[in-house]
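The file entry14.txt comes next; it holds compact mmCIF, C-alpha atoms.
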```txt
# COMPACT_ATOMS: atom_id res chain seq x y z
CA MET X 1 0.44 9.86 18.29
CA ALA X 2 -0.13 6.13 18.58
CA TYR X 3 -0.24 5.60 22.35
CA SER X 4 -0.45 2.11 23.81
CA GLY X 5 0.55 3.17 27.31
CA GLY X 6 3.78 1.15 27.12
CA ARG X 7 7.24 2.49 27.84
CA ASP X 8 8.16 3.65 24.33
CA SER X 9 4.90 5.38 23.39
CA THR X 10 4.65 6.96 26.85
CA ALA X 11 8.10 8.48 26.45
CA LEU X 12 7.41 9.77 22.93
CA LEU X 13 4.00 11.18 23.85
CA HIS X 14 5.48 13.02 26.83
CA ALA X 15 8.41 14.39 24.81
CA THR X 16 6.12 15.42 21.94
CA ALA X 17 3.64 17.17 24.22
CA ARG X 18 6.47 19.11 25.89
CA ALA X 19 7.87 20.17 22.52
CA CYS X 20 4.46 21.18 21.16
CA ALA X 21 3.60 23.24 24.24
CA ALA X 22 6.17 25.82 23.16
CA GLN X 23 4.85 25.88 19.58
CA GLY X 24 1.13 26.20 20.19
CA LEU X 25 0.37 22.76 18.76
CA GLN X 26 -2.13 20.23 20.06
CA VAL X 27 -1.23 16.55 20.48
CA LEU X 28 -3.91 13.88 20.03
CA ALA X 29 -3.02 10.55 21.66
CA LEU X 30 -4.67 7.59 19.88
CA HIS X 31 -5.23 4.42 21.87
CA VAL X 32 -6.55 1.24 20.24
CA HIS X 33 -8.33 -1.29 22.49
CA HIS X 34 -7.76 -4.66 20.80
CA GLY X 35 -10.06 -6.61 23.09
CA LEU X 36 -7.52 -9.45 23.34
CA SER X 37 -6.16 -9.04 26.86
CA ARG X 38 -8.08 -9.26 30.13
CA HIS X 39 -6.15 -6.14 31.16
CA ALA X 40 -7.24 -4.06 28.14
CA ASP X 41 -9.85 -2.06 30.07
CA ASP X 42 -7.29 -1.30 32.77
CA TRP X 43 -4.88 -0.06 30.12
CA VAL X 44 -7.50 2.34 28.78
CA ALA X 45 -8.09 3.64 32.32
CA HIS X 46 -4.34 4.12 32.83
CA CYS X 47 -4.03 6.08 29.56
CA ARG X 48 -6.98 8.30 30.46
CA THR X 49 -5.52 9.05 33.89
CA GLN X 50 -2.04 9.72 32.50
CA VAL X 51 -3.22 12.06 29.76
CA ALA X 52 -5.62 13.89 32.08
CA GLY X 53 -2.77 14.42 34.55
CA TRP X 54 -0.46 15.83 31.90
CA ALA X 55 -3.23 18.09 30.58
CA ALA X 56 -3.78 19.40 34.14
CA GLN X 57 -0.07 20.27 34.21
CA GLY X 58 -0.52 22.39 31.07
CA LEU X 59 0.63 19.97 28.39
CA PRO X 60 -1.47 20.26 25.17
CA VAL X 61 -2.57 16.63 24.95
CA THR X 62 -5.94 14.86 24.65
CA LEU X 63 -6.86 11.19 24.25
CA SER X 64 -9.03 9.36 21.72
CA VAL X 65 -9.84 5.65 22.21
CA HIS X 66 -11.11 3.14 19.66
CA ARG X 67 -12.09 -0.48 20.30
CA LEU X 68 -11.62 -3.05 17.56
CA GLU X 69 -14.61 -5.19 16.68
CA GLY X 70 -14.52 -8.90 15.92
CA ARG X 71 -11.86 -11.53 16.50
CA PRO X 72 -9.14 -13.17 14.38
CA ALA X 73 -10.50 -15.76 11.97
CA ARG X 74 -9.66 -19.41 12.50
CA GLY X 75 -6.03 -19.94 11.49
CA GLU X 76 -5.35 -16.20 11.20
CA SER X 77 -2.33 -14.76 13.00
CA VAL X 78 -3.41 -12.81 16.07
CA GLU X 79 -0.48 -10.42 15.55
CA ALA X 80 -1.43 -9.79 11.91
CA TRP X 81 -5.13 -9.28 12.75
CA ALA X 82 -4.30 -6.84 15.54
CA ARG X 83 -1.79 -4.94 13.40
CA THR X 84 -4.19 -4.57 10.47
CA GLY X 85 -7.04 -3.42 12.69
CA ARG X 86 -4.80 -1.07 14.66
CA HIS X 87 -3.40 0.61 11.55
CA ALA X 88 -6.88 1.14 10.08
CA ALA X 89 -8.13 2.59 13.37
CA LEU X 90 -5.15 4.92 13.75
CA GLN X 91 -5.65 6.25 10.23
CA ARG X 92 -9.37 6.91 10.85
CA LEU X 93 -8.76 8.53 14.24
CA ALA X 94 -6.02 10.79 12.89
CA LEU X 95 -8.20 12.01 10.03
CA ALA X 96 -11.17 12.47 12.35
CA GLY X 97 -9.00 14.58 14.64
CA GLY X 98 -7.79 16.77 11.78
CA ALA X 99 -4.20 15.51 12.07
CA THR X 100 -1.88 15.15 9.08
CA LEU X 101 1.09 13.77 11.04
CA LEU X 102 0.95 10.51 13.00
CA LEU X 103 3.93 9.62 15.21
CA LEU X 104 4.89 6.07 16.18
CA ALA X 105 7.40 5.19 18.89
CA HIS X 106 9.43 2.48 17.14
CA HIS X 107 13.15 2.67 17.93
CA ARG X 108 16.38 1.16 16.64
CA ARG X 109 15.92 -2.19 18.38
CA ASP X 110 12.47 -2.54 16.81
CA GLN X 111 13.99 -1.87 13.40
CA ALA X 112 16.76 -4.42 13.92
CA GLU X 113 14.27 -7.04 15.11
CA THR X 114 12.05 -6.44 12.09
CA PHE X 115 15.00 -6.90 9.75
CA VAL X 116 15.91 -10.23 11.40
CA LEU X 117 12.32 -11.51 11.36
CA GLN X 118 11.92 -10.62 7.68
CA ALA X 119 15.24 -12.26 6.82
CA LEU X 120 14.14 -15.45 8.59
CA ARG X 121 10.99 -15.43 6.44
CA GLY X 122 13.09 -15.23 3.29
CA ALA X 123 11.98 -11.69 2.44
CA GLY X 124 13.38 -9.62 -0.41
CA SER X 125 14.24 -5.94 -0.37
CA ALA X 126 10.67 -4.87 0.46
CA GLY X 127 10.68 -6.96 3.65
CA LEU X 128 14.29 -6.31 4.62
CA ALA X 129 13.66 -2.56 4.31
CA ALA X 130 11.69 -3.06 7.55
CA MET X 131 9.93 0.12 8.74
CA PRO X 132 10.21 3.40 6.82
CA ARG X 133 11.10 6.54 8.73
CA ALA X 134 8.16 8.34 7.12
CA GLN X 135 5.38 7.21 4.81
CA ARG X 136 2.33 9.00 3.42
CA ARG X 137 -0.96 7.13 3.64
CA ALA X 138 -4.10 8.74 2.26
CA GLY X 139 -3.39 12.24 3.54
CA VAL X 140 -1.57 11.30 6.76
CA VAL X 141 2.21 11.05 7.16
CA TRP X 142 3.15 8.14 9.42
CA ALA X 143 6.51 8.99 10.98
CA ARG X 144 8.93 7.26 13.35
CA PRO X 145 11.13 10.03 14.77
CA TRP X 146 13.04 7.70 17.13
CA LEU X 147 13.91 5.00 14.61
CA ASP X 148 17.65 5.64 15.04
CA ARG X 149 17.47 5.95 18.85
CA PRO X 150 18.68 3.01 20.99
CA ARG X 151 16.28 1.47 23.45
CA GLU X 152 18.56 2.50 26.35
CA ALA X 153 18.07 6.18 25.54
CA ILE X 154 14.29 5.79 25.86
CA GLU X 155 14.62 3.92 29.13
CA ALA X 156 16.81 6.74 30.43
CA TYR X 157 14.19 9.33 29.42
CA VAL X 158 11.44 7.42 31.24
CA ALA X 159 13.59 7.17 34.37
CA ALA X 160 14.63 10.83 34.27
CA HIS X 161 11.01 12.04 34.16
CA GLY X 162 9.55 9.36 36.43
CA LEU X 163 6.97 8.26 33.86
CA ASP X 164 4.48 5.51 34.70
CA HIS X 165 3.81 3.03 31.92
CA ILE X 166 2.12 -0.28 31.20
CA GLU X 167 3.92 -3.62 31.10
CA ASP X 168 2.06 -5.86 28.66
CA ASP X 169 2.17 -9.41 30.02
CA SER X 170 1.76 -10.82 26.50
CA ASN X 171 5.30 -9.62 25.75
CA ASN X 172 6.51 -12.64 27.75
CA ASP X 173 4.67 -15.13 25.55
CA PRO X 174 7.29 -16.85 23.33
CA ARG X 175 4.60 -18.21 20.99
CA HIS X 176 4.70 -14.88 19.15
CA ALA X 177 7.64 -14.61 16.75
CA ARG X 178 8.88 -11.21 17.89
CA ASN X 179 8.65 -12.19 21.54
CA ALA X 180 10.62 -15.38 20.87
CA LEU X 181 13.32 -13.30 19.19
CA ARG X 182 13.45 -10.84 22.10
CA LEU X 183 13.39 -13.43 24.87
CA LYS X 184 15.52 -16.25 23.47
CA VAL X 185 17.68 -14.96 20.63
CA TRP X 186 18.45 -11.32 21.27
CA PRO X 187 20.22 -11.69 24.64
CA ALA X 188 22.70 -14.17 23.14
CA LEU X 189 23.07 -12.16 19.93
CA GLY X 190 23.74 -8.94 21.82
CA ALA X 191 26.27 -10.65 24.11
CA ALA X 192 28.19 -12.14 21.19
CA PHE X 193 27.87 -9.12 18.89
CA PRO X 194 27.48 -5.87 20.89
CA GLN X 195 26.98 -3.82 17.70
CA ALA X 196 24.25 -6.10 16.34
CA GLU X 197 21.41 -3.63 16.89
CA ALA X 198 23.13 -0.76 15.08
CA ALA X 199 24.47 -3.00 12.30
CA LEU X 200 21.12 -4.65 11.55
CA ALA X 201 19.30 -1.30 11.58
CA GLN X 202 21.92 -0.04 9.11
CA SER X 203 21.27 -3.06 6.89
CA ALA X 204 17.58 -2.16 6.88
CA GLU X 205 18.52 1.31 5.67
CA TRP X 206 20.57 -0.16 2.82
CA ALA X 207 17.61 -2.36 1.92
CA GLN X 208 15.39 0.74 1.81
CA GLN X 209 17.74 2.32 -0.72
CA ALA X 210 17.78 -0.89 -2.78
CA LEU X 211 13.98 -0.99 -2.70
CA ALA X 212 13.77 2.62 -3.87
CA LEU X 213 16.07 1.80 -6.81
CA GLN X 214 13.96 -1.24 -7.70
CA GLN X 215 10.80 0.86 -7.68
CA GLU X 216 12.46 3.53 -9.80
CA LEU X 217 13.62 0.91 -12.32
CA ALA X 218 10.17 -0.70 -12.43
CA GLY X 219 8.74 2.75 -13.16
CA GLN X 220 10.94 2.88 -16.26
CA ASP X 221 10.37 -0.71 -17.41
CA LEU X 222 6.62 -1.16 -16.90
CA PRO X 223 5.49 1.47 -19.45
CA LEU X 224 7.50 -0.43 -22.07
CA CYS X 225 5.76 -3.69 -21.17
CA ARG X 226 2.15 -2.58 -20.89
CA GLY X 227 -0.33 -3.91 -23.39
CA ALA X 228 -3.93 -2.89 -23.97
CA ALA X 229 -5.13 -4.54 -20.76
CA GLY X 230 -2.18 -6.21 -19.09
CA LEU X 231 1.49 -7.11 -19.30
CA HIS X 232 2.81 -7.63 -22.83
CA VAL X 233 4.84 -10.80 -22.36
CA ALA X 234 7.07 -10.52 -25.45
CA ALA X 235 8.18 -7.01 -24.43
CA TRP X 236 8.60 -8.13 -20.82
CA LEU X 237 10.83 -11.04 -21.86
CA GLY X 238 13.11 -8.53 -23.57
CA LEU X 239 14.27 -7.33 -20.16
CA SER X 240 17.21 -8.86 -18.35
CA PRO X 241 16.21 -11.62 -15.89
CA ALA X 242 16.67 -9.39 -12.84
CA ARG X 243 14.72 -6.49 -14.36
CA ALA X 244 12.00 -8.83 -15.62
CA ALA X 245 11.52 -10.27 -12.12
CA ASN X 246 11.47 -6.77 -10.62
CA ALA X 247 8.95 -5.48 -13.19
CA LEU X 248 6.75 -8.55 -12.71
CA ARG X 249 6.61 -8.07 -8.93
CA ALA X 250 5.77 -4.38 -9.39
CA TRP X 251 3.03 -5.13 -11.92
CA LEU X 252 1.52 -7.85 -9.75
CA HIS X 253 1.51 -5.53 -6.72
CA GLU X 254 -0.28 -2.94 -8.82
CA VAL X 255 -3.05 -5.18 -10.15
CA LEU X 256 -3.51 -7.33 -7.04
CA GLY X 257 -3.42 -4.39 -4.63
CA GLN X 258 -0.99 -6.30 -2.40
CA PRO X 259 2.47 -7.91 -2.65
CA ALA X 260 2.30 -11.06 -4.73
CA PRO X 261 3.12 -14.38 -3.02
CA ALA X 262 6.73 -15.40 -3.71
CA SER X 263 5.50 -18.79 -4.96
CA LEU X 264 3.38 -17.09 -7.64
CA VAL X 265 6.28 -14.91 -8.80
CA ARG X 266 8.60 -17.92 -9.04
CA ARG X 267 6.02 -19.92 -10.96
CA LEU X 268 5.38 -17.14 -13.47
CA LEU X 269 9.09 -16.58 -14.02
CA ALA X 270 9.52 -20.29 -14.72
CA GLU X 271 6.41 -20.85 -16.87
CA LEU X 272 5.67 -17.66 -18.82
CA THR X 273 8.47 -18.20 -21.34
CA ALA X 274 7.08 -21.58 -22.38
CA ALA X 275 3.45 -20.48 -22.18
CA ARG X 276 3.72 -17.32 -24.31
CA ASP X 277 3.11 -19.29 -27.54
CA GLU X 278 0.01 -20.98 -26.14
CA PRO X 279 -3.37 -19.40 -27.04
CA VAL X 280 -4.53 -19.43 -23.39
CA ALA X 281 -2.81 -20.21 -20.09
CA GLN X 282 -3.77 -19.31 -16.55
CA TRP X 283 -2.54 -19.29 -12.94
CA PRO X 284 -4.50 -18.87 -9.68
CA ALA X 285 -3.83 -15.55 -7.95
CA PRO X 286 -5.22 -13.69 -4.91
CA GLY X 287 -8.82 -12.69 -5.61
CA GLY X 288 -8.98 -14.32 -9.02
CA ARG X 289 -6.62 -15.60 -11.67
CA LEU X 290 -3.87 -14.50 -14.03
CA ARG X 291 -4.67 -15.33 -17.64
CA LEU X 292 -2.36 -15.26 -20.65
CA TYR X 293 -4.47 -14.23 -23.65
CA ARG X 294 -3.06 -13.23 -27.05
CA GLY X 295 0.35 -12.55 -25.60
CA GLU X 296 -0.86 -10.45 -22.65
CA LEU X 297 -0.89 -11.46 -19.00
CA ARG X 298 -4.04 -10.13 -17.33
CA TRP X 299 -5.52 -10.37 -13.88
CA GLU X 300 -9.18 -11.39 -13.81
CA ARG X 301 -11.46 -11.21 -10.82
CA THR X 302 -13.27 -14.34 -9.72
CA PRO X 303 -16.74 -14.34 -11.36
CA ALA X 304 -18.56 -14.13 -8.01
CA ALA X 305 -16.84 -10.85 -7.24
CA ALA X 306 -17.27 -9.17 -10.61
CA PRO X 307 -17.45 -5.37 -10.34
CA PRO X 308 -20.97 -3.96 -10.38
CA ALA X 309 -22.34 -2.18 -13.40
CA VAL X 310 -22.37 1.59 -13.50
CA VAL X 311 -25.83 2.59 -12.39
CA ALA X 312 -25.67 6.38 -12.32
CA ALA X 313 -23.74 9.17 -13.98
CA GLN X 314 -21.36 11.27 -11.94
CA CYS X 315 -18.74 13.97 -12.43
CA LEU X 316 -15.09 13.40 -11.44
CA ASP X 317 -12.06 15.66 -11.04
CA LEU X 318 -9.07 13.72 -12.43
CA SER X 319 -6.79 16.68 -13.05
CA ARG X 320 -4.22 15.60 -10.44
CA PRO X 321 -2.02 12.49 -10.65
CA GLY X 322 -2.78 9.81 -8.09
CA VAL X 323 -5.19 7.04 -7.20
CA HIS X 324 -8.91 7.78 -7.46
CA PRO X 325 -10.90 4.98 -5.75
CA LEU X 326 -14.37 4.17 -7.05
CA PRO X 327 -15.46 1.50 -4.54
CA ALA X 328 -19.03 1.41 -5.82
CA LEU X 329 -17.67 0.27 -9.18
CA GLY X 330 -15.21 -2.23 -7.73
CA GLY X 331 -11.94 -0.56 -8.65
CA ARG X 332 -9.81 2.55 -8.94
CA LEU X 333 -8.60 4.94 -11.62
CA ILE X 334 -4.85 5.54 -11.78
CA VAL X 335 -3.86 8.99 -13.10
CA GLU X 336 -0.18 9.37 -13.98
CA LEU X 337 1.87 12.29 -15.28
CA LEU X 338 3.73 11.61 -18.53
CA GLN X 339 7.03 13.41 -18.90
CA ALA X 340 7.58 15.85 -21.76
CA GLY X 341 9.00 13.99 -24.74
CA ASP X 342 7.69 10.63 -23.55
CA SER X 343 6.50 8.67 -26.57
CA ALA X 344 4.92 5.82 -24.61
CA ALA X 345 2.06 4.05 -26.30
CA GLY X 346 -1.31 5.51 -25.48
CA GLU X 347 0.10 8.99 -24.87
CA GLY X 348 -2.14 11.09 -22.68
CA VAL X 349 -4.68 13.85 -22.34
CA PRO X 350 -4.04 17.48 -21.28
CA ALA X 351 -4.46 17.83 -17.53
CA SER X 352 -6.61 20.95 -18.00
CA LEU X 353 -9.36 18.86 -19.58
CA LEU X 354 -9.70 16.42 -16.71
CA SER X 355 -11.18 18.69 -14.05
CA LYS X 356 -14.71 17.72 -15.13
CA VAL X 357 -14.87 14.16 -16.41
CA ASP X 358 -18.26 12.47 -16.73
CA LEU X 359 -18.71 8.84 -15.71
CA ARG X 360 -21.77 7.41 -17.44
CA PRO X 361 -23.65 4.14 -17.76
CA ARG X 362 -22.61 2.04 -20.75
CA GLU X 363 -24.55 2.80 -23.92
CA GLY X 364 -24.86 0.71 -27.06
CA SER X 365 -24.14 3.73 -29.25
CA ALA X 366 -20.71 4.52 -27.80
CA ARG X 367 -17.94 4.48 -30.44
CA PHE X 368 -14.18 4.39 -29.86
CA GLN X 369 -11.31 5.55 -32.08
CA PRO X 370 -8.13 3.60 -31.21
CA HIS X 371 -5.64 5.73 -33.20
CA PRO X 372 -5.73 8.99 -35.21
CA HIS X 373 -6.17 7.31 -38.62
CA ALA X 374 -8.78 4.78 -37.54
CA VAL X 375 -12.54 5.02 -38.04
CA PRO X 376 -14.57 5.16 -34.78
CA ARG X 377 -16.18 1.77 -34.18
CA SER X 378 -18.46 0.18 -31.62
CA LEU X 379 -16.88 -0.82 -28.32
CA LYS X 380 -17.62 -4.50 -28.95
CA LYS X 381 -15.74 -4.51 -32.25
CA CYS X 382 -12.82 -2.54 -30.76
CA TRP X 383 -12.56 -4.97 -27.83
CA GLN X 384 -12.65 -7.95 -30.20
CA THR X 385 -9.98 -6.44 -32.47
CA ALA X 386 -7.74 -5.66 -29.47
CA GLY X 387 -8.24 -9.16 -28.08
CA VAL X 388 -9.76 -7.96 -24.80
CA PRO X 389 -11.73 -10.80 -23.16
CA PRO X 390 -15.15 -10.07 -21.60
CA SER X 391 -13.62 -10.11 -18.12
CA GLY X 392 -11.33 -7.22 -19.13
CA ARG X 393 -14.14 -4.99 -20.33
CA ALA X 394 -15.76 -4.20 -16.98
CA GLY X 395 -15.30 -0.74 -15.51
CA PRO X 396 -16.37 2.86 -16.08
CA LEU X 397 -16.72 4.72 -19.37
CA LEU X 398 -15.38 8.27 -19.09
CA TYR X 399 -16.49 11.21 -21.21
CA LEU X 400 -15.47 14.82 -21.85
CA GLY X 401 -18.84 16.35 -22.56
CA GLU X 402 -20.22 14.20 -25.37
CA GLN X 403 -16.78 12.92 -26.41
CA LEU X 404 -15.75 9.45 -25.23
CA LEU X 405 -12.50 9.78 -23.26
CA TYR X 406 -11.51 6.40 -21.80
CA VAL X 407 -12.63 2.77 -22.13
CA PRO X 408 -11.39 -0.08 -19.90
CA GLY X 409 -9.19 -2.46 -21.89
CA LEU X 410 -8.80 0.04 -24.75
CA GLY X 411 -7.43 3.16 -23.10
CA LEU X 412 -7.76 6.75 -24.27
CA ASP X 413 -9.73 7.63 -27.36
CA ALA X 414 -7.40 9.02 -30.06
CA ARG X 415 -9.56 12.13 -30.45
CA VAL X 416 -8.62 13.43 -26.98
CA ARG X 417 -4.92 12.56 -26.83
CA ALA X 418 -2.38 15.35 -26.49
CA CYS X 419 0.61 15.64 -28.78
CA PRO X 420 3.95 14.36 -27.44
CA GLY X 421 5.97 17.13 -25.81
CA THR X 422 3.02 18.75 -24.06
CA PRO X 423 2.12 18.16 -20.38
CA ARG X 424 -0.39 15.33 -20.23
CA LEU X 425 -1.85 12.64 -18.01
CA SER X 426 -2.55 8.97 -18.65
CA LEU X 427 -5.51 7.02 -17.27
CA ARG X 428 -5.76 3.36 -16.24
CA TRP X 429 -8.56 1.38 -14.63
CA LEU X 430 -7.62 -1.29 -12.05
CA PRO X 431 -10.28 -3.54 -10.54
CA GLU X 432 -9.97 -4.19 -6.83
CA THR X 433 -9.11 -7.62 -5.54
CA ALA X 434 -12.06 -9.79 -4.56
```
As structure tokens, what does this structure read like?
Amino acid sequence: MAYSGGRDSTALLHATARACAAQGLQVLALHVHHGLSRHADDWVAHCRTQVAGWAAQGLPVTLSVHRLEGRPARGESVEAWARTGRHAALQRLALAGGATLLLLAHHRRDQAETFVLQALRGAGSAGLAAMPRAQRRAGVVWARPWLDRPREAIEAYVAAHGLDHIEDDSNNDPRHARNALRLKVWPALGAAFPQAEAALAQSAEWAQQALALQQELAGQDLPLCRGAAGLHVAAWLGLSPARAANALRAWLHEVLGQPAPASLVRRLLAELTAARDEPVAQWPAPGGRLRLYRGELRWERTPAAAPPAVVAAQCLDLSRPGVHPLPALGGRLIVELLQAGDSAAGEGVPASLLSKVDLRPREGSARFQPHPHAVPRSLKKCWQTAGVPPSGRAGPLLYLGEQLLYVPGLGLDARVRACPGTPRLSLRWLPETA
């Protein structure tokens, strides 16, 4: 459990420990010391005393503390820096403690506030969806069991059990956006509209459903728009405007590793139609640039952050769908399950063959067969024929024994593809952002 020592996390930690005592479960309280407040050391001491007292009473709870290193960069939001560092620390601490479930004490007021703040920033469905009730992150489920509970219910629990908790003095600083909303806007909003909290939290739930539908639709549209190494613009323009915008945002999120800036999405929507007939066009993007080349939109890393060459062979197990990071190579392999009957270009390879895939250094003798009736040719000639620029050729070569399996920018070798109608997996290489 994420445990700051404040009212909400104190209440949830206490309630969770009481519930787990009857089930033989152990609760690990995770406290992150941000190093931003002069009271931070006192807060750690309070949490240690509180947890030790509960443990002495027989509650199955222990405490783990982590201190963030560094400070926010010049111009960086303190809230954003603290949130990013806190989330990374909580994930590491949970995994180190052997936990697969991480509880957070956000409640209905928090959800309503998040919805309002995102709306004021002009967010779309992803932002208005606010905080998910549960989300899996690299083997840990982050859950908010009290997301539909009003703040008053938590205050009543704290009072009923006489729980001591921390009052963070920074919560009274209106320079932070959420504090300004709580201190200046919410009292008037609640007085004028008593049901505001419940109504706004409900709107966030509707936005979550809309976001899920958008993601499902993008999952159907993107396979139809994929080219050899990017987004096939002519196929993408065949979608309706709303579906094209949705697919573009999903593709950008995939290749950038983060949500694309709204300004970039708007610019691409406005300029791609006119630029598709140009031999080359490009747009700056996080970590590099987007380049239109031979009708395909591709993300290219900045030259200074080019992925390193493969220096040593290794064996990989790619038999399960998911994301397989290869940080030493500057990217990740995406393994996806193709449905029976799916005739998408590129097809796939039987999952049973992917339990032992060899990653090897690039060799001049490697030859690739793009389709069943083609003659295997050198990688250079295949890349040139497919119109893959040099920047799109970096990444790992994968083999099944002595047979070439996958080449970045070209895809699966035709000699290893499964027939449509049989269970199979597809492979894609995505470089990390710079």
Exercise: X:Ala242 partners within 12 Å, all atoms listed in the file, chain neighbours under 4 positions left out, as a ChimeraX atom specification: /X:214,217-218,221,236-238,246-249,269
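One distance worth recording is that between atom CA of X:Val388 and atom CA of X:Asp358, which is 23.6 Å.
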Proximity to X:Leu200 - best of X:Leu224, X:Arg175, X:Thr273, X:Ala112, all atoms listed in the file: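 Looking only at the distances to X:Leu200, the closest residue turns out to be X:Ala112.
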All residues 8 Å or closer to X:Val27, all atoms listed in the file, same chain fewer than 2 positions away omitted, as a list in words: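 After dropping sequence-adjacent residues, the list is Met1, Thr16, Ala17, Cys20, Leu25, Ala29, Pro60, Val61 and Thr62 of chain X.
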Shell around stretch 205-213 of chain X at 7 Å using all atoms listed in the file, local window under 3 positions removed, as a list of chain:residue names: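 The filter keeps X:Ser125, X:Ala126, X:Leu128, X:Ala129, X:Ala201, X:Gln202, X:Glu216, X:Leu217.
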Pick from X:Arg417, X:Arg360, X:Arg377, X:Arg428 nearest to X:His324, counting all atoms listed in the file: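 Under the stated criterion, the closest residue is X:Arg428.
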Distance of atom CA of X:Asn179 from atom CA of X:Tyr3, expressed in Å to one decimal place: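 Taking atom CA of X:Tyr3 as the start and atom CA of X:Asn179 as the end point, the length is 19.9 Å.
Nearest residue to X:His106, choosing from X:Pro132, X:Gly124, X:Gly288, X:Gly331 and counting only C-alpha atoms: X:Pro132.
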X:Ala245, X:Leu231, X:Leu59, X:Leu120 ranked by distance to X:His14, top pick (using only C-alpha atoms): X:Leu59
Distance in Å - atom CA of X:Pro321 versus atom CA of X:Glu336: 4.9 Å
Nearest candidate to X:Trp299 (options X:Ser203, X:Pro431, X:Ser426, X:Glu271; using all atoms listed in the file): X:Pro431
Excluding same-chain residues fewer than 2 positions from stretch 77-81 of chain X, what lies within 10 Å of it counting only C-alpha atoms, as a PDB file with C-alpha atoms, keeping the file's coordinate frame?
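Below is the file out.pdb, written as the result:
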```pdb
ATOM      1  CA  HIS X  34      -7.760  -4.660  20.800  1.00  0.00           C
ATOM      2  CA  LEU X  36      -7.520  -9.450  23.340  1.00  0.00           C
ATOM      3  CA  GLY X  70     -14.520  -8.900  15.920  1.00  0.00           C
ATOM      4  CA  ARG X  71     -11.860 -11.530  16.500  1.00  0.00           C
ATOM      5  CA  PRO X  72      -9.140 -13.170  14.380  1.00  0.00           C
ATOM      6  CA  ALA X  73     -10.500 -15.760  11.970  1.00  0.00           C
ATOM      7  CA  ARG X  74      -9.660 -19.410  12.500  1.00  0.00           C
ATOM      8  CA  GLY X  75      -6.030 -19.940  11.490  1.00  0.00           C
ATOM      9  CA  ARG X  83      -1.790  -4.940  13.400  1.00  0.00           C
ATOM     10  CA  THR X  84      -4.190  -4.570  10.470  1.00  0.00           C
ATOM     11  CA  GLY X  85      -7.040  -3.420  12.690  1.00  0.00           C
ATOM     12  CA  ARG X  86      -4.800  -1.070  14.660  1.00  0.00           C
ATOM     13  CA  HIS X 176       4.700 -14.880  19.150  1.00  0.00           C
ATOM     14  CA  ALA X 177       7.640 -14.610  16.750  1.00  0.00           C
ATOM     15  CA  ARG X 178       8.880 -11.210  17.890  1.00  0.00           C
TER      16      ARG X 178
END
```
For stretch 137-154 of chain X: contacts at 9 Å, all atoms listed in the file, fewer than 5 positions along chain excluded, given as an MDAnalysis selection string: chainID X and resid 7:8 11:12 91 94:95 99:111 131:132 159 197:198 201
Which of X:Ser263, X:Gln57, X:Gln314, X:Ser37 sits closest to X:Asp169 [using only C-alpha atoms]: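 Checking each candidate against X:Asp169, we get X:Ser37 as the closest.
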Please enclose the listed atoms of stretch 13-18 of chain X in an axis-aligned box, pad each side by 4 Å, and write out the centre and the three edge lengths in Å, rounded to one decimal, as JSON.
```
{"center_x": 6.0, "center_y": 15.1, "center_z": 24.4, "size_x": 12.8, "size_y": 15.9, "size_z": 12.9}
```
